[in-house]
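Quick look at entry_15.txt (compact mmCIF, C-alpha atoms):
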```
# COMPACT_ATOMS: atom_id res chain seq x y z
CA MET B 20 75.30 4.29 41.01
CA ILE B 21 76.97 7.74 41.33
CA SER B 22 79.76 7.91 43.91
CA LYS B 23 79.72 10.59 46.61
CA GLY B 24 82.98 12.02 45.27
CA HIS B 25 81.48 12.33 41.81
CA GLU B 26 78.36 13.91 43.30
CA SER B 27 80.34 16.60 45.13
CA SER B 28 82.40 17.24 41.98
CA ASP B 29 79.24 17.80 39.93
CA LEU B 30 77.85 20.05 42.66
CA SER B 31 81.07 22.07 42.70
CA ARG B 32 81.03 22.61 38.93
CA THR B 33 77.39 23.68 39.03
CA CYS B 34 78.01 26.12 41.90
CA ALA B 35 80.95 27.64 40.02
CA SER B 36 78.58 28.56 37.17
CA LEU B 37 76.08 30.33 39.46
CA ASP B 38 76.23 33.51 41.51
CA GLY B 39 76.58 33.30 45.30
CA ARG B 40 72.88 33.49 46.16
CA GLU B 41 71.78 30.85 43.64
CA ALA B 42 74.68 28.54 44.51
CA ALA B 43 73.80 28.85 48.22
CA GLN B 44 70.25 27.69 47.49
CA LEU B 45 71.65 24.63 45.73
CA ILE B 46 74.21 23.93 48.48
CA ALA B 47 71.49 24.18 51.14
CA LYS B 48 69.65 21.26 49.52
CA ALA B 49 72.70 18.97 49.55
CA ARG B 50 73.88 16.77 52.41
CA PRO B 51 76.30 18.70 54.69
CA LEU B 52 79.28 16.47 53.88
CA GLU B 53 78.77 16.71 50.11
CA ALA B 54 78.19 20.45 50.40
CA SER B 55 81.43 20.83 52.36
CA LYS B 56 83.45 18.85 49.78
CA ALA B 57 81.99 20.91 46.95
CA LEU B 58 82.85 24.19 48.70
CA GLN B 59 86.40 23.03 49.44
CA SER B 60 87.07 22.52 45.71
CA LEU B 61 86.06 26.10 44.82
CA ILE B 62 88.41 29.08 44.86
CA PRO B 63 88.31 30.82 48.28
CA ASN B 64 86.39 33.98 47.42
CA VAL B 65 83.73 32.02 45.50
CA ALA B 66 83.28 29.59 48.40
CA GLN B 67 83.08 32.49 50.86
CA ASP B 68 80.46 34.23 48.71
CA ILE B 69 78.29 31.10 48.83
CA LEU B 70 78.80 30.63 52.58
CA SER B 71 77.73 34.22 53.23
CA HIS B 72 74.31 33.48 51.70
CA LEU B 73 73.62 30.26 53.64
CA PRO B 74 71.07 30.14 56.49
CA PRO B 75 72.80 29.96 59.93
CA ASP B 76 71.57 26.41 60.65
CA LYS B 77 72.81 25.07 57.30
CA LEU B 78 76.12 26.92 57.67
CA GLY B 79 76.62 25.40 61.12
CA ALA B 80 75.89 21.90 59.81
CA ILE B 81 78.44 22.28 57.00
CA LEU B 82 81.14 23.69 59.30
CA ALA B 83 80.56 20.80 61.72
CA VAL B 84 81.57 18.19 59.10
CA THR B 85 84.38 20.27 57.58
CA PRO B 86 88.02 19.60 58.58
CA GLU B 87 88.94 21.88 61.47
CA ASP B 88 91.66 23.84 59.66
CA ILE B 89 89.44 24.57 56.65
CA ALA B 90 86.48 25.53 58.86
CA ARG B 91 88.79 27.89 60.76
CA THR B 92 89.87 29.46 57.46
CA TRP B 93 86.25 29.97 56.37
CA LYS B 94 85.39 31.62 59.67
CA LEU B 95 88.43 33.89 59.36
CA GLU B 96 87.53 34.92 55.80
CA ALA B 97 83.93 35.67 56.81
CA ARG B 98 85.11 38.68 58.85
CA TYR B 99 86.12 40.62 55.75
CA PRO B 100 84.35 41.98 52.62
CA GLN B 101 84.15 39.69 49.60
CA ASP B 102 86.39 41.91 47.47
CA SER B 103 89.15 42.22 50.10
CA VAL B 104 92.38 40.34 50.79
CA GLY B 105 90.79 38.97 53.96
CA ALA B 106 88.28 37.00 51.88
CA LEU B 107 91.17 34.93 50.46
CA MET B 108 93.11 34.67 53.71
CA GLU B 109 93.90 31.52 55.66
CA PRO B 110 95.43 31.22 59.15
CA PRO B 111 99.24 31.08 59.28
CA ALA B 112 100.53 27.68 60.36
CA ALA B 113 104.33 27.86 60.48
CA VAL B 114 104.87 30.72 62.95
CA PHE B 115 107.96 30.79 65.17
CA ARG B 116 109.98 33.11 67.43
CA ALA B 117 113.35 34.67 66.67
CA ASP B 118 114.97 32.69 69.52
CA ASP B 119 113.86 29.32 68.10
CA THR B 120 116.67 27.24 66.64
CA VAL B 121 116.81 25.65 63.19
CA GLY B 122 116.70 22.18 64.76
CA SER B 123 113.58 22.80 66.86
CA THR B 124 111.87 24.50 63.92
CA ILE B 125 112.49 21.50 61.65
CA GLU B 126 111.05 19.15 64.29
CA LYS B 127 107.88 21.23 64.57
CA LEU B 128 107.59 21.47 60.79
CA ARG B 129 107.57 17.68 60.50
CA GLU B 130 104.27 17.67 62.38
CA ILE B 131 102.81 20.78 60.74
CA THR B 132 103.47 19.57 57.19
CA LYS B 133 101.37 16.47 57.82
CA GLU B 134 98.31 18.72 57.64
CA LYS B 135 99.47 21.85 55.80
CA PHE B 136 101.61 22.65 52.77
CA ILE B 137 104.29 25.03 54.03
CA THR B 138 106.23 27.38 51.77
CA TYR B 139 107.65 29.93 54.22
CA CYS B 140 108.10 30.09 57.97
CA PHE B 141 107.08 33.36 59.61
CA VAL B 142 108.91 34.84 62.58
CA THR B 143 106.95 37.03 65.02
CA ASP B 144 107.76 38.84 68.27
CA ASP B 145 105.98 38.46 71.62
CA LYS B 146 103.18 40.75 70.34
CA ASP B 147 102.68 38.59 67.22
CA LYS B 148 104.09 41.32 64.98
CA LEU B 149 105.80 40.00 61.86
CA SER B 150 109.57 40.23 62.24
CA GLY B 151 110.79 38.21 59.26
CA VAL B 152 110.50 35.24 56.94
CA ILE B 153 112.50 32.01 56.73
CA THR B 154 112.68 29.86 53.57
CA MET B 155 113.01 26.09 53.53
CA ARG B 156 116.45 26.50 51.96
CA ASP B 157 117.62 28.51 54.98
CA LEU B 158 116.58 25.69 57.31
CA LEU B 159 118.27 22.99 55.24
CA LEU B 160 121.62 24.74 54.82
CA ASN B 161 122.21 26.05 58.34
CA PRO B 162 123.37 24.34 61.56
CA HIS B 163 120.65 23.09 63.91
CA ASP B 164 121.79 25.37 66.73
CA ARG B 165 121.49 28.55 64.64
CA ARG B 166 118.80 31.04 65.77
CA LEU B 167 116.03 32.00 63.33
CA GLY B 168 116.58 35.65 64.20
CA ASP B 169 120.03 35.43 62.62
CA LEU B 170 118.72 33.91 59.38
CA MET B 171 115.41 35.57 58.70
CA LEU B 172 114.72 38.06 55.95
CA ARG B 173 113.69 41.21 57.81
CA GLU B 174 112.37 43.43 55.00
CA VAL B 175 109.12 41.59 54.34
CA PHE B 176 106.38 42.64 51.94
CA SER B 177 102.91 42.10 53.40
CA LEU B 178 99.27 42.80 52.61
CA ASN B 179 96.51 44.25 54.77
CA PRO B 180 93.32 42.17 55.17
CA HIS B 181 91.13 45.18 54.35
CA THR B 182 92.99 45.99 51.12
CA SER B 183 90.79 45.52 48.04
CA LEU B 184 91.66 42.63 45.76
CA LEU B 185 92.25 45.07 42.90
CA ASP B 186 94.81 47.05 44.92
CA ALA B 187 96.41 43.80 46.11
CA MET B 188 96.77 42.62 42.51
CA LYS B 189 98.43 45.91 41.58
CA SER B 190 100.88 45.76 44.49
CA THR B 191 101.88 42.14 43.77
CA ILE B 192 102.21 42.47 40.01
CA SER B 193 106.01 42.68 40.30
CA ARG B 194 106.28 40.39 43.34
CA HIS B 195 105.65 36.83 42.21
CA TYR B 196 105.66 35.01 45.56
CA PRO B 197 103.87 31.73 46.30
CA VAL B 198 102.63 33.12 49.64
CA TYR B 199 102.03 36.64 50.97
CA PRO B 200 101.82 37.36 54.72
CA VAL B 201 98.82 39.42 55.82
CA CYS B 202 99.25 41.90 58.69
CA ASP B 203 96.88 44.35 60.34
CA THR B 204 97.64 48.06 60.71
CA SER B 205 99.77 47.41 63.82
CA GLY B 206 101.94 44.88 61.96
CA ARG B 207 100.46 41.84 63.71
CA LEU B 208 100.44 38.70 61.55
CA VAL B 209 96.80 37.67 61.05
CA GLY B 210 97.02 35.27 58.12
CA LEU B 211 98.44 34.51 54.71
CA VAL B 212 97.24 34.60 51.11
CA ARG B 213 98.49 32.15 48.53
CA GLY B 214 99.68 33.56 45.22
CA GLN B 215 97.51 31.07 43.34
CA ALA B 216 94.36 32.41 45.03
CA LEU B 217 95.28 35.98 44.04
CA ALA B 218 96.01 34.87 40.47
CA GLU B 219 92.62 33.14 40.22
CA ALA B 220 90.86 36.25 41.53
CA GLN B 221 92.78 38.37 39.02
CA ALA B 222 91.82 36.02 36.16
CA PHE B 223 88.16 36.33 37.18
CA GLU B 224 88.42 40.14 37.22
CA LEU B 225 89.98 40.25 33.75
CA THR B 226 87.42 37.89 32.20
CA ALA B 227 84.55 39.77 33.84
CA GLN B 228 85.64 43.00 32.15
CA ALA B 229 84.55 41.73 28.74
CA GLY B 230 80.96 41.56 29.94
CA ALA B 231 81.05 44.74 32.01
CA MET B 232 82.15 46.70 28.94
CA VAL B 233 78.76 46.06 27.31
CA GLY B 234 76.52 46.12 30.38
CA VAL B 235 76.65 42.48 31.52
CA GLU B 236 76.81 41.83 35.27
CA LYS B 237 80.22 40.56 36.36
CA GLU B 238 78.71 37.60 38.23
CA GLU B 239 76.42 36.52 35.38
CA ARG B 240 76.85 32.94 34.17
CA LEU B 241 75.10 30.74 31.62
CA ALA B 242 72.99 29.32 34.43
CA THR B 243 71.89 32.73 35.76
CA PRO B 244 68.05 32.96 35.65
CA TRP B 245 66.85 34.79 32.55
CA LEU B 246 64.80 37.32 34.53
CA ARG B 247 67.81 38.50 36.55
CA SER B 248 69.89 38.78 33.36
CA PHE B 249 67.07 40.72 31.70
CA LEU B 250 66.70 43.16 34.60
CA PHE B 251 70.40 43.99 34.58
CA ARG B 252 71.00 44.09 30.83
CA HIS B 253 67.89 45.90 29.63
CA PRO B 254 68.60 49.35 31.17
CA TRP B 255 71.96 49.42 29.40
CA LEU B 256 70.28 48.57 26.09
CA GLN B 257 67.89 51.49 26.60
CA LEU B 258 70.90 53.72 27.27
CA ASN B 259 72.56 52.35 24.15
CA LEU B 260 69.43 53.20 22.16
CA LEU B 261 69.48 56.74 23.53
CA THR B 262 73.09 57.20 22.49
CA ALA B 263 72.29 55.75 19.05
CA PHE B 264 69.66 58.48 18.66
CA ILE B 265 72.42 61.03 19.27
CA ALA B 266 74.46 59.58 16.40
CA ALA B 267 71.34 59.49 14.23
CA ALA B 268 70.68 63.15 15.02
CA VAL B 269 74.18 64.04 13.80
CA VAL B 270 73.49 62.28 10.50
CA GLY B 271 70.15 64.08 10.30
CA LEU B 272 71.93 67.43 10.39
CA PHE B 273 73.46 66.57 7.02
CA GLU B 274 70.28 65.34 5.35
CA ASN B 275 70.69 67.83 2.51
CA THR B 276 74.25 66.62 1.85
CA LEU B 277 73.14 62.97 1.72
CA ASP B 278 70.30 63.84 -0.66
CA LYS B 279 72.77 65.39 -3.10
CA ILE B 280 75.57 62.82 -2.72
CA VAL B 281 73.92 59.45 -2.04
CA LEU B 282 77.29 57.68 -2.29
CA LEU B 283 78.21 59.05 1.14
CA ALA B 284 75.58 56.86 2.81
CA VAL B 285 77.31 53.72 1.50
CA PHE B 286 80.53 54.51 3.36
CA LEU B 287 79.01 55.64 6.68
CA PRO B 288 78.98 52.09 8.19
CA VAL B 289 82.52 51.48 6.87
CA LEU B 290 83.82 54.55 8.65
CA ALA B 291 81.87 53.88 11.86
CA GLY B 292 82.99 50.24 11.95
CA GLN B 293 86.69 51.00 11.50
CA SER B 294 86.79 53.82 14.02
CA GLY B 295 84.74 51.78 16.49
CA ASN B 296 87.16 48.86 16.26
CA THR B 297 90.11 51.21 16.78
CA GLY B 298 88.45 52.53 19.92
CA CYS B 299 87.73 49.03 21.25
CA GLN B 300 91.38 48.05 20.80
CA SER B 301 92.46 51.11 22.76
CA LEU B 302 89.81 50.47 25.43
CA ALA B 303 90.89 46.85 25.93
CA VAL B 304 94.52 47.88 26.49
CA ALA B 305 93.51 50.73 28.83
CA LEU B 306 91.30 48.50 30.99
CA ARG B 307 94.01 45.85 31.23
CA ALA B 308 96.55 48.51 32.22
CA MET B 309 94.22 49.83 34.94
CA THR B 310 93.58 46.34 36.31
CA LEU B 311 97.29 45.51 36.42
CA GLY B 312 98.21 48.88 37.92
CA GLU B 313 100.21 49.97 34.86
CA MET B 314 98.22 53.19 34.34
CA LYS B 315 98.14 55.27 37.50
CA GLU B 316 95.38 57.80 38.06
CA GLY B 317 96.44 61.23 36.84
CA LYS B 318 99.12 59.77 34.52
CA GLU B 319 96.98 58.82 31.54
CA TRP B 320 98.71 61.30 29.22
CA ALA B 321 101.31 58.81 27.96
CA ALA B 322 98.64 56.23 27.10
CA LEU B 323 96.49 58.92 25.47
CA THR B 324 99.39 60.09 23.29
CA LYS B 325 100.29 56.55 22.26
CA GLU B 326 96.73 55.63 21.27
CA ALA B 327 96.29 58.88 19.32
CA LEU B 328 99.51 58.16 17.39
CA LEU B 329 98.34 54.61 16.71
CA GLY B 330 95.04 56.04 15.50
CA LEU B 331 96.92 58.36 13.15
CA ALA B 332 99.05 55.55 11.69
CA ASN B 333 96.23 53.02 11.40
CA GLY B 334 93.79 55.64 10.14
CA ALA B 335 96.18 56.73 7.38
CA LEU B 336 96.77 53.19 6.10
CA VAL B 337 93.15 52.10 6.39
CA GLY B 338 92.07 55.46 4.97
CA LEU B 339 94.16 54.88 1.84
CA THR B 340 92.39 51.57 1.24
CA ALA B 341 88.94 52.96 2.02
CA GLY B 342 89.60 56.09 -0.06
CA ALA B 343 90.68 53.98 -3.03
CA GLY B 344 87.50 51.94 -2.60
CA MET B 345 85.41 55.12 -2.65
CA VAL B 346 87.17 56.37 -5.82
CA ILE B 347 86.58 53.08 -7.62
CA TYR B 348 82.95 52.86 -6.50
CA ALA B 349 82.24 56.51 -7.37
CA LYS B 350 83.74 56.10 -10.86
CA MET B 351 81.62 52.98 -11.38
CA GLN B 352 78.58 55.10 -10.52
CA GLY B 353 79.71 57.81 -12.94
CA ASN B 354 80.29 60.43 -10.24
CA ALA B 355 82.50 63.27 -11.46
CA GLN B 356 83.76 63.98 -7.94
CA ALA B 357 85.25 60.54 -7.32
CA TRP B 358 88.70 61.80 -6.32
CA GLN B 359 87.31 64.42 -3.96
CA LEU B 360 85.12 61.78 -2.29
CA GLY B 361 88.12 59.46 -1.93
CA GLY B 362 90.10 62.25 -0.28
CA ILE B 363 87.25 62.97 2.12
CA VAL B 364 87.09 59.30 3.14
CA PHE B 365 90.87 59.32 3.70
CA LEU B 366 90.83 62.45 5.89
CA ALA B 367 87.72 61.39 7.81
CA MET B 368 89.21 57.97 8.54
CA ILE B 369 92.38 59.53 9.96
CA GLY B 370 90.48 61.96 12.16
CA ALA B 371 87.98 59.36 13.35
CA CYS B 372 90.69 56.82 14.26
CA ILE B 373 92.70 59.43 16.18
CA VAL B 374 89.66 60.47 18.21
CA SER B 375 88.44 56.90 18.79
CA GLY B 376 91.88 55.77 19.96
CA ALA B 377 92.04 58.68 22.39
CA CYS B 378 88.48 57.99 23.59
CA GLY B 379 89.49 54.40 24.37
CA VAL B 380 91.67 55.88 27.12
CA LEU B 381 89.51 58.86 28.05
CA VAL B 382 86.26 56.95 28.64
CA PRO B 383 87.54 54.50 31.32
CA SER B 384 89.76 57.20 32.83
CA THR B 385 86.78 59.53 33.20
CA LEU B 386 84.66 56.77 34.75
CA ARG B 387 87.46 56.03 37.23
CA ARG B 388 87.75 59.71 38.20
CA LEU B 389 84.00 59.78 38.83
CA GLY B 390 84.35 56.82 41.20
CA ALA B 391 82.68 54.32 38.85
CA ASP B 392 83.99 50.98 37.59
CA PRO B 393 86.06 51.85 34.46
CA ALA B 394 84.79 48.72 32.70
CA THR B 395 81.09 49.32 33.34
CA ALA B 396 79.36 49.83 29.98
CA SER B 397 82.42 51.72 28.74
CA SER B 398 81.92 50.20 25.29
CA ILE B 399 78.50 51.89 25.01
CA PHE B 400 79.92 55.36 25.72
CA LEU B 401 82.89 54.69 23.44
CA THR B 402 80.65 53.63 20.54
CA THR B 403 78.61 56.81 20.90
CA ALA B 404 81.70 59.00 20.81
CA THR B 405 83.22 57.23 17.79
CA ASP B 406 79.95 57.22 15.83
CA VAL B 407 79.27 60.90 16.43
CA VAL B 408 82.82 61.95 15.56
CA SER B 409 83.30 59.67 12.53
CA MET B 410 79.95 60.43 10.91
CA GLY B 411 80.01 64.11 11.80
CA LEU B 412 83.55 64.54 10.46
CA PHE B 413 82.84 62.60 7.27
CA LEU B 414 79.64 64.43 6.38
CA GLY B 415 81.02 67.77 7.57
CA LEU B 416 84.04 67.49 5.26
CA ALA B 417 81.80 66.51 2.35
CA THR B 418 79.56 69.53 2.97
CA TRP B 419 82.52 71.88 3.28
CA LEU B 420 84.69 70.63 0.39
CA ILE B 421 82.14 69.59 -2.22
CA LEU B 422 78.84 71.42 -1.76
```

Just give me the structure as structure tokens.
Amino acid sequence: MISKGHESSDLSRTCASLDGREAAQLIAKARPLEASKALQSLIPNVAQDILSHLPPDKLGAILAVTPEDIARTWKLEARYPQDSVGALMEPPAAVFRADDTVGSTIEKLREITKEKFITYCFVTDDKDKLSGVITMRDLLLNPHDRRLGDLMLREVFSLNPHTSLLDAMKSTISRHYPVYPVCDTSGRLVGLVRGQALAEAQAFELTAQAGAMVGVEKEERLATPWLRSFLFRHPWLQLNLLTAFIAAAVVGLFENTLDKIVLLAVFLPVLAGQSGNTGCQSLAVALRAMTLGEMKEGKEWAALTKEALLGLANGALVGLTAGAGMVIYAKMQGNAQAWQLGGIVFLAMIGACIVSGACGVLVPSTLRRLGADPATASSIFLTTATDVVSMGLFLGLATWLIL
């Protein structure tokens, strides 16, 4: 016989592999108590996404059997968009006044910590505006008659509940705190966000980029219905086919050159593959920098210069190897222009790697300036650029220098 705890654990794992709408359909079929336990074990924004898709009667039944503090947190999070700080927020528990003493605060904390894990104590004024923060160390090392207002840290970093998760991640990248207070525009303390919840949301964003780069929906899982996956992926494949035709058209322009020097066709995929990989390396670093807030909008020049220099260095070294390969292969085929062909491969590899490295920064930067997600299908646009440049440069040099 399967225990209820095991049942809710299985339900939680299954829900984590589905998107919000599909998981809500599964949760709606479960008993309210088991559904509540499963939701409690999920990260906050995932649980909130599922709750937002539940029918009102089922949502009410689940909230009715959920511990009061957790139910209150879910209701609080429901007021804000899924991709905002508010979706991860929970109500603040340890809130005190500046006139409270260390002794009275410790007595109250003894009761509060029976239900909540407390990291910091927050001090607010009579309008609930955040005045400062008290650490547990401050309470332990000071006399019981000392006022909190004399001990608190007044310069407090806080988040706004309407701030996007991406902007919150950027602003906290150099502030590794276990808990962040959340205040509205007037400075009133409305909740707190745990650092672990932000880290989990950031991990999800980074892992989702790998799929978004090639046209896969961020929320897609292994258990996502095949029809939904098909409807989202297929348009991007059609776009990819269109861009492939552009690269093919470039090659077609040099049909006469290929007819005269068939050896060139052998090295086209070599050149395209190397330059494409160089671009993907650059793209991966650029997307990570954007997610972590390391590359500010309008300041992409430093990254562009670095990637172009890396393309030059890598292209020169790889070009030497590829050029030597072309010379050897051409001599084996009895081609009298083996050294010229090797030089063309070397020069084309350098040029293609420089351009592809630069495009790895330019493509996501351009998408961001246009208001689109920098990760969305960026790999498709990058591949087109690298293929067109690498093949066009290679065949163009051959036409110019040999024919």

Compile the contact shell of Phe365 (chain B) as a ChimeraX atom specification: residues with an atom at most 10 Å away, counting all atoms listed in the file, same-chain residues fewer than 2 positions apart removed. /B:290,334-343,345,359-363,367-370,413

Could you build a table of the residues in region 359-401 of chain B lying no more than 12 Å from region 292-302 of chain B, giving for each the nearest pair of atoms and their separation in Å rounded to one decimal place, using all atoms listed in the file, ordered by chain and ascending residue number, as JSON lines?
```
{"residue": "B:Val364", "atom": "CA", "partner": "B:Gln293", "partner_atom": "CA", "distance": 11.8}
{"residue": "B:Ala367", "atom": "CA", "partner": "B:Ser294", "partner_atom": "CA", "distance": 9.8}
{"residue": "B:Met368", "atom": "CA", "partner": "B:Ser294", "partner_atom": "CA", "distance": 7.3}
{"residue": "B:Ile369", "atom": "CA", "partner": "B:Ser294", "partner_atom": "CA", "distance": 9.0}
{"residue": "B:Gly370", "atom": "CA", "partner": "B:Ser294", "partner_atom": "CA", "distance": 9.1}
{"residue": "B:Ala371", "atom": "CA", "partner": "B:Ser294", "partner_atom": "CA", "distance": 5.7}
{"residue": "B:Cys372", "atom": "CA", "partner": "B:Ser294", "partner_atom": "CA", "distance": 4.9}
{"residue": "B:Ile373", "atom": "CA", "partner": "B:Ser294", "partner_atom": "CA", "distance": 8.4}
{"residue": "B:Val374", "atom": "CA", "partner": "B:Gly298", "partner_atom": "CA", "distance": 8.2}
{"residue": "B:Ser375", "atom": "CA", "partner": "B:Gly298", "partner_atom": "CA", "distance": 4.5}
{"residue": "B:Gly376", "atom": "CA", "partner": "B:Gly298", "partner_atom": "CA", "distance": 4.7}
{"residue": "B:Ala377", "atom": "CA", "partner": "B:Gly298", "partner_atom": "CA", "distance": 7.5}
{"residue": "B:Cys378", "atom": "CA", "partner": "B:Gly298", "partner_atom": "CA", "distance": 6.6}
{"residue": "B:Gly379", "atom": "CA", "partner": "B:Leu302", "partner_atom": "CA", "distance": 4.1}
{"residue": "B:Val380", "atom": "CA", "partner": "B:Leu302", "partner_atom": "CA", "distance": 6.0}
{"residue": "B:Leu381", "atom": "CA", "partner": "B:Leu302", "partner_atom": "CA", "distance": 8.8}
{"residue": "B:Val382", "atom": "CA", "partner": "B:Leu302", "partner_atom": "CA", "distance": 8.1}
{"residue": "B:Pro383", "atom": "CA", "partner": "B:Leu302", "partner_atom": "CA", "distance": 7.5}
{"residue": "B:Ser384", "atom": "CA", "partner": "B:Leu302", "partner_atom": "CA", "distance": 10.0}
{"residue": "B:Pro393", "atom": "CA", "partner": "B:Leu302", "partner_atom": "CA", "distance": 9.9}
{"residue": "B:Ala394", "atom": "CA", "partner": "B:Leu302", "partner_atom": "CA", "distance": 9.0}
{"residue": "B:Thr395", "atom": "CA", "partner": "B:Leu302", "partner_atom": "CA", "distance": 11.8}
{"residue": "B:Ala396", "atom": "CA", "partner": "B:Leu302", "partner_atom": "CA", "distance": 11.4}
{"residue": "B:Ser397", "atom": "CA", "partner": "B:Leu302", "partner_atom": "CA", "distance": 8.2}
{"residue": "B:Ser398", "atom": "CA", "partner": "B:Cys299", "partner_atom": "CA", "distance": 7.2}
{"residue": "B:Ile399", "atom": "CA", "partner": "B:Cys299", "partner_atom": "CA", "distance": 10.4}
{"residue": "B:Phe400", "atom": "CA", "partner": "B:Gly298", "partner_atom": "CA", "distance": 10.7}
{"residue": "B:Leu401", "atom": "CA", "partner": "B:Gly298", "partner_atom": "CA", "distance": 6.9}
```

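Remark: for Phe273 (chain B), the closest of the candidate residues B:Pro111, B:Pro100, B:Gly415, B:Pro86 is B:Gly415 (distances computed over all atoms listed in the file).
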
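When only C-alpha atoms are used to measure the gap to His195 (chain B), the shortest distance among B:Ala218, B:Leu208, B:Ala66, B:Ile131 belongs to B:Ala218.
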
Around (79.8, 23.0, 47.8) in the file's frame, which residues reach within 9 Å when counting all atoms listed in the file? Return as a PyMOL selection string? chain B and resi 27-28+30-32+34+42-43+45-46+49+51-61+66+69

Would you list the residues near (116.1, 27.6, 60.8) (no more than 10 Å away, in the coordinates of the file, using all atoms listed in the file) as a tab-separated table (two decimals) with C-alpha atoms, in the coordinates of the input?
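What follows is the written file result.tsv:
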```tsv
chain	number	residue	atom	x	y	z
B	115	PHE	CA	107.96	30.79	65.17
B	117	ALA	CA	113.35	34.67	66.67
B	119	ASP	CA	113.86	29.32	68.10
B	120	THR	CA	116.67	27.24	66.64
B	121	VAL	CA	116.81	25.65	63.19
B	122	GLY	CA	116.70	22.18	64.76
B	123	SER	CA	113.58	22.80	66.86
B	124	THR	CA	111.87	24.50	63.92
B	125	ILE	CA	112.49	21.50	61.65
B	140	CYS	CA	108.10	30.09	57.97
B	153	ILE	CA	112.50	32.01	56.73
B	154	THR	CA	112.68	29.86	53.57
B	155	MET	CA	113.01	26.09	53.53
B	156	ARG	CA	116.45	26.50	51.96
B	157	ASP	CA	117.62	28.51	54.98
B	158	LEU	CA	116.58	25.69	57.31
B	159	LEU	CA	118.27	22.99	55.24
B	160	LEU	CA	121.62	24.74	54.82
B	161	ASN	CA	122.21	26.05	58.34
B	162	PRO	CA	123.37	24.34	61.56
B	163	HIS	CA	120.65	23.09	63.91
B	164	ASP	CA	121.79	25.37	66.73
B	165	ARG	CA	121.49	28.55	64.64
B	166	ARG	CA	118.80	31.04	65.77
B	167	LEU	CA	116.03	32.00	63.33
B	168	GLY	CA	116.58	35.65	64.20
B	169	ASP	CA	120.03	35.43	62.62
B	170	LEU	CA	118.72	33.91	59.38
B	171	MET	CA	115.41	35.57	58.70
```

As a check of understanding: the span from CA of Arg116 (chain B) to CA of Ala97 (chain B) is 28.2 Å

Taking into account only C-alpha atoms, which residue in the set B:Glu130, B:Arg387, B:Leu260, B:Thr243 is nearest to Ala35 (chain B)? B:Thr243
